[in-house]
Every structure is written in structure tokens, then in C-alpha cells.
Amino acid sequence: MASNVTSTKITDIHPEIIFTHILTQIDHSSLASLALVSTELHELCSHASVWTNICNSKWKSTKCLLLQNAISSFPGGHRSFFYDSYPILEMGNQFKYSRFNRPDRTLVLQRPEHLISAVDIQFNNKNIYSKVNVINTSTESFASSSFKVEVLDQKESVRLSIKCEDDEEDIHLSDLKENMTLSWIIIDPTQKRAANVSSQLPVTVRRHWIDGDIEVKYAIVMPRDGGAGMSELVEIRIIVMLEWDEEKTYLKLRKVSLQVQDMECICLLGTESLSILQKAIGYGTRKKARRDELHYGETGEPFTNICENKLAKKISVNVNKKFDGHRHVRNRCPSGRHVGW
């Protein structure tokens with residue numbers, strides 16, 4: 001007996017139903033795959049409201065009117081913003097500029113009057129903090145001062161759902177490293193582009209032994225104005241400080257800051273930091289964040305120890321030079337001939 005069962009293709013479903021009940025429930029990867037099925041689905045998947053919903057579900061900060069106005073100037077709106085900001089920038093020796101948009105080392109981009117900063121912190125897949133603010137880059141103080149952005153207002157109180165247990169200190173650190181993610185998106189209005197300058201996953205989580213505060217670090221390493229080699233790298237370092245309340249019943253945010261440093265942990269000035277950020281935003285290649293790739297270059301050296309190791313090496317070299325010079329003088333007799341100790 002012949003079966004009367006007929007199969008229904010997704011293209012047979014009314015476009016309004018697809019748009020309202022399907023596209024609003026899937027992530028960007030599924031959306032990209034669905035767009036390849038047919039011309040009609042491609043048009044539906046490219047609709048501005050679909051990508052607005054995806055951005056809003058990924059980053060609470062994109063609901064801010066200031067950020068919405070900036071995104072509306074992007075050529076592809078929220079879709080362009082998403083593909084700029086969802087992946088992280090390539091890091092360390094692996095960092096490279098886009099093959100077709102490689103900047104000249106002498107390239108000077110138009111200096112914006114301001115940048116827009118959008119921060120989103122999640123713990124256990126729940127948003128715990130979002131902040132959008134404007135970084136004024138047009139003042140003399142910005143150009144001549146160390147580049148540093150702090151977003152947490154002292155009046156703001158942000159708690160994490162972690163209780164203090166004396167016998168579980170290591171568990172707290174591990175929990176933060178595994179489950180606390182941070183996105184820090186910088187928008188350049190002149191380029192109408194954006195980039196996520198955070199590693200998104202922590203590279204270190206450690207407790208300060210004096211006061212017990214916890215430091216969570218996110219960072220990426222990139223070239224210094226298109227340079228190559230260890231001496232021409234810089235680190236975009238994001239530090240989140242957490243402290244226990246007076247009764248030690250919960251953790252709360254105390255500080256959220258971003259700086260650009262060289263490999264000797266010296267903070268760069270505003271002008272150079274702005275140039276590095278602009279070129280990274282406009283020309284840096286992006287990739288998906290992976291925990292097992294939070295290393296520096298091909299050596300496998302832990303990413304978090306780059307600055308400390310390089311600074312220690314420099315100090316060691318300077319000490320050895322002074323010691324060698326001192327020994328060279330001691331090893332000469334009045335006649336000028338070398339003698340032993």
C-alpha cells in the first residue's frame with residue numbers, strides 16, 4: 001500500500017513563519033548555513049532585525065542607544081558589527097593583517113574625535129555587567145598621557161554568585177577561569193569598523209596574597225605599528241579585580257580596566273595606542289577564541305608570562321654587563337696584563 005506521507009521542506013514554509021519563529025531562535029552559525037539553502041532564505045537571513053537580535057542576545061551593551069547609532073553607520077549594520085566583533089584578533093607571532101588590506105607602515109589613519117568602548121562580562125553564561133562609554137581622543141592630555149580606560153563606576157555594585165568557603169579557594173579561581181568571559185569591543189566611528197580587543201577567555205586568574213583580592217586577566221598580543229619580532233610587540237591588557245564583601249559572603253567587581261603595554265610592561269601613550277588600535281580594527285584578521293590557543297607564538301610559552309619574562313631577561317642582561325665590566329677592571333694589573341682573581 002502506497003504511503004500518503006509527504007515531506008515538507010523548509011522552503012515550503014511561509015516566509016513570515018520562518019522569519020518570526022525560526023530565525024529568531026537560532027545562532028549566527030545556523031543562520032549562515034540556512035542562508036545557503038536558497039535565494040529566498042538568504043534574503044530573510046540578511047534582514048537587519050535578525051542580526052540586531054543576534055547582537056542583542058550576544059552583547060547586552062548593543063541595546064544602548066549610543067552604540068546602536070554607531071552600528072547604524074556600518075555598511076552592513078549589525079551584521080557587519082557582528083562579524084567584526086564576535087571573533088578575536090589574531091595574537092602574537094600569529095597576528096597578521098588582512099591579505100587584501102595590509103597597511104603601509106607609514107599609513108596614518110584619520111584620527112577620530114572619539115572611540116566607543118563596549119564591555120560585557122558574563123559568568124556562567126549570565127550577563128553580570130555591561131557598560132558603554134566614549135573615549136575622548138581629541139584632547140592634548142589624551143595624546144601625552146598613558147592610555148588607560150576604566151569603566152567601573154565606584155558607585156556601581158556588581159555581585160557574582162560565588163560564596164566564600166575557606167576550603168574551596170582553589171575552586172573559586174578555577175571557576176572564574178572556566179566560566180567568566182569578557183568582551184571589550186572598540187568602535188572607530190571614522191572607519192565604521194569595530195574589533196574585540198579581549199581574549200574573551202581569561203589568560204590568568206590569581207589571588208593577591210596581601211588582601212585576598214582576585215585578579216582576572218584578559219589579553220592579546222599584536223604588532224607595534226605593523227612591526228615584526230619580539231621587540232615590536234605590544235599587549236592589550238584587561239584587568240578585572242574582584243573582592244569579597246566585608247562578611248565574605250559573595251564576590252563583587254572592584255575594577256575593570258584596559259591598557260596598552262610594550263613587552264617591558266610600560267604603558268604606551270594615547271597617540272601610539274590609538275594608532276595601534278585603529279590598524280587592528282581596520283586591518284587585523286579575526287579568529288574564534290580557543291582556550292588551548294592562549295599561548296604566545298610558536299614556542300608554546302604561556303601567554304601570560306611574556307612581559308614578566310622579558311623584563312626579567314633585560315634586568316639580568318644589565319646586571320651581567322655591569323658585573324663583566326667590574327670584573328674586567330679587577331682582572332688587570334698595573335702593567336695592563338690580565339691576572340686571575
# chains A, B, ... in the order shown; residues from 1 in each chain; ligands from 1
>>> select_by_dssp(residues="region 206-292 of chain A", states="alpha helix (DSSP H)", output="count of residues only")
14
>>> residues_around(residues="Lys177 (chain A)", least_positions_apart="3", cutoff="8 Å", atoms="only C-alpha atoms", output="PyMOL selection string")
chain A and resi 173-174+180+201-205+216
>>> atom_distance(atom1="CA of Cys267 (chain A)", atom2="CA of Lys155 (chain A)")
26.9 Å
>>> residues_around(residues="Ile128 (chain A)", least_positions_apart="5", cutoff="10 Å", atoms="only C-alpha atoms", output="NGL selection string")
:A and (60 or 120-123 or 158-161 or 180 or 253)
>>> write_last_selection(atoms="N, CA, C and O atoms", output="mmCIF file, in the first residue's frame")
data_model
loop_
_atom_site.group_PDB
_atom_site.id
_atom_site.type_symbol
_atom_site.label_atom_id
_atom_site.label_comp_id
_atom_site.auth_asym_id
_atom_site.auth_seq_id
_atom_site.Cartn_x
_atom_site.Cartn_y
_atom_site.Cartn_z
ATOM 1 N N LYS A 60 24.748 42.508 25.729
ATOM 2 C CA LYS A 60 23.695 43.368 26.270
ATOM 3 C C LYS A 60 23.979 44.834 25.951
ATOM 4 O O LYS A 60 23.055 45.649 25.828
ATOM 5 N N ASP A 120 31.217 43.818 28.049
ATOM 6 C CA ASP A 120 30.219 42.862 28.539
ATOM 7 C C ASP A 120 30.940 41.734 29.268
ATOM 8 O O ASP A 120 31.832 41.096 28.702
ATOM 9 N N ILE A 121 30.549 41.494 30.512
ATOM 10 C CA ILE A 121 31.129 40.417 31.316
ATOM 11 C C ILE A 121 30.046 39.403 31.640
ATOM 12 O O ILE A 121 28.949 39.772 32.082
ATOM 13 N N GLN A 122 30.363 38.138 31.425
ATOM 14 C CA GLN A 122 29.427 37.061 31.731
ATOM 15 C C GLN A 122 30.058 36.069 32.701
ATOM 16 O O GLN A 122 31.268 35.828 32.648
ATOM 17 N N PHE A 123 29.225 35.535 33.558
ATOM 18 C CA PHE A 123 29.664 34.472 34.462
ATOM 19 C C PHE A 123 28.613 33.375 34.445
ATOM 20 O O PHE A 123 27.421 33.636 34.651
ATOM 21 N N VAL A 158 28.473 45.239 41.667
ATOM 22 C CA VAL A 158 28.197 44.080 40.823
ATOM 23 C C VAL A 158 28.641 42.817 41.560
ATOM 24 O O VAL A 158 29.826 42.644 41.868
ATOM 25 N N ARG A 159 27.697 41.934 41.851
ATOM 26 C CA ARG A 159 27.994 40.718 42.596
ATOM 27 C C ARG A 159 28.093 39.507 41.676
ATOM 28 O O ARG A 159 27.445 39.455 40.638
ATOM 29 N N LEU A 160 28.900 38.539 42.110
ATOM 30 C CA LEU A 160 28.983 37.252 41.436
ATOM 31 C C LEU A 160 28.394 36.193 42.363
ATOM 32 O O LEU A 160 28.541 36.278 43.589
ATOM 33 N N SER A 161 27.762 35.209 41.785
ATOM 34 C CA SER A 161 27.125 34.157 42.580
ATOM 35 C C SER A 161 28.152 33.117 43.018
ATOM 36 O O SER A 161 28.083 31.941 42.661
ATOM 37 N N MET A 180 34.110 32.737 33.499
ATOM 38 C CA MET A 180 33.973 34.189 33.438
ATOM 39 C C MET A 180 34.572 34.698 32.126
ATOM 40 O O MET A 180 35.782 34.647 31.923
ATOM 41 N N LEU A 253 32.719 42.968 41.789
ATOM 42 C CA LEU A 253 33.692 43.654 40.943
ATOM 43 C C LEU A 253 34.205 44.900 41.642
ATOM 44 O O LEU A 253 33.437 45.658 42.232
#
>>> select_by_dssp(residues="region 61-272 of chain A", states="strand (DSSP E)", output="count of residues only")
79
>>> residues_around(residues="Lys288 (chain A)", least_positions_apart="4", cutoff="8 Å", atoms="only C-alpha atoms", output="PyMOL selection string")
chain A and resi 86-88
>>> write_last_selection(atoms="N, CA, C and O atoms", output="PDB file, in the first residue's frame")
ATOM      1  N   TYR A  86      32.621  39.524  16.898  1.00  0.00           N
ATOM      2  CA  TYR A  86      32.455  38.204  17.507  1.00  0.00           C
ATOM      3  C   TYR A  86      33.777  37.443  17.625  1.00  0.00           C
ATOM      4  O   TYR A  86      34.081  36.888  18.684  1.00  0.00           O
ATOM      5  N   PRO A  87      34.601  37.381  16.563  1.00  0.00           N
ATOM      6  CA  PRO A  87      35.892  36.695  16.712  1.00  0.00           C
ATOM      7  C   PRO A  87      36.895  37.596  17.420  1.00  0.00           C
ATOM      8  O   PRO A  87      36.695  38.802  17.537  1.00  0.00           O
ATOM      9  N   ILE A  88      37.991  36.979  17.901  1.00  0.00           N
ATOM     10  CA  ILE A  88      39.067  37.767  18.499  1.00  0.00           C
ATOM     11  C   ILE A  88      40.123  38.045  17.436  1.00  0.00           C
ATOM     12  O   ILE A  88      40.172  37.413  16.389  1.00  0.00           O
TER      13      ILE A  88
END
>>> residues_around(residues="Ser144 (chain A)", least_positions_apart="5", cutoff="8 Å", atoms="only C-alpha atoms", output="list of chain:residue names")
A:Leu269, A:Gly270, A:Thr271
>>> atom_distance(atom1="CA of Arg237 (chain A)", atom2="CA of Thr190 (chain A)")
24.1 Å
>>> atom_distance(atom1="CA of Asn69 (chain A)", atom2="CA of Ile220 (chain A)")
27.9 Å
>>> residues_around(residues="Ser80 (chain A)", least_positions_apart="6", cutoff="10 Å", atoms="only C-alpha atoms", output="MDAnalysis selection string")
chainID A and resid 51 71:72 74 192:194
>>> closest_residue(among="A:Ser117, A:Asp153, A:Glu232, A:Gly77", to="Val134 (chain A)", atoms="only C-alpha atoms")
A:Ser117
>>> closest_residue(among="A:Thr249, A:Ser257, A:Gln200, A:Thr137", to="Ser273 (chain A)", atoms="only C-alpha atoms")
A:Thr137
>>> decode(residues="region 67-78 of chain A", atoms="N, CA, C and O atoms", output="tab-separated table (two decimals), in the first residue's frame")
chain	number	residue	atom	x	y	z
A	67	LEU	N	25.47	53.05	21.19
A	67	LEU	CA	26.08	52.01	20.38
A	67	LEU	C	25.22	51.68	19.15
A	67	LEU	O	25.74	51.44	18.06
A	68	GLN	N	23.92	51.71	19.32
A	68	GLN	CA	23.03	51.46	18.19
A	68	GLN	C	23.23	52.50	17.09
A	68	GLN	O	23.25	52.15	15.90
A	69	ASN	N	23.39	53.74	17.47
A	69	ASN	CA	23.61	54.81	16.49
A	69	ASN	C	24.93	54.61	15.75
A	69	ASN	O	25.03	54.84	14.54
A	70	ALA	N	25.96	54.16	16.47
A	70	ALA	CA	27.26	53.91	15.84
A	70	ALA	C	27.17	52.73	14.87
A	70	ALA	O	27.70	52.79	13.75
A	71	ILE	N	26.49	51.67	15.27
A	71	ILE	CA	26.36	50.48	14.43
A	71	ILE	C	25.55	50.79	13.17
A	71	ILE	O	25.81	50.22	12.09
A	72	SER	N	24.59	51.67	13.26
A	72	SER	CA	23.74	52.00	12.11
A	72	SER	C	24.54	52.64	10.98
A	72	SER	O	24.10	52.63	9.83
A	73	SER	N	25.73	53.18	11.29
A	73	SER	CA	26.57	53.79	10.25
A	73	SER	C	27.44	52.76	9.54
A	73	SER	O	28.05	53.07	8.51
A	74	PHE	N	27.53	51.51	10.07
A	74	PHE	CA	28.32	50.47	9.43
A	74	PHE	C	27.68	50.10	8.09
A	74	PHE	O	26.45	50.10	7.98
A	75	PRO	N	28.48	49.75	7.08
A	75	PRO	CA	27.91	49.39	5.77
A	75	PRO	C	26.86	48.30	5.83
A	75	PRO	O	25.85	48.36	5.14
A	76	GLY	N	27.07	47.30	6.67
A	76	GLY	CA	26.11	46.21	6.80
A	76	GLY	C	25.37	46.21	8.11
A	76	GLY	O	24.79	45.20	8.51
A	77	GLY	N	25.41	47.36	8.82
A	77	GLY	CA	24.70	47.48	10.08
A	77	GLY	C	25.15	46.47	11.12
A	77	GLY	O	26.34	46.23	11.30
A	78	HIS	N	24.19	45.85	11.81
A	78	HIS	CA	24.50	44.90	12.88
A	78	HIS	C	25.22	43.65	12.36
A	78	HIS	O	26.01	43.03	13.09
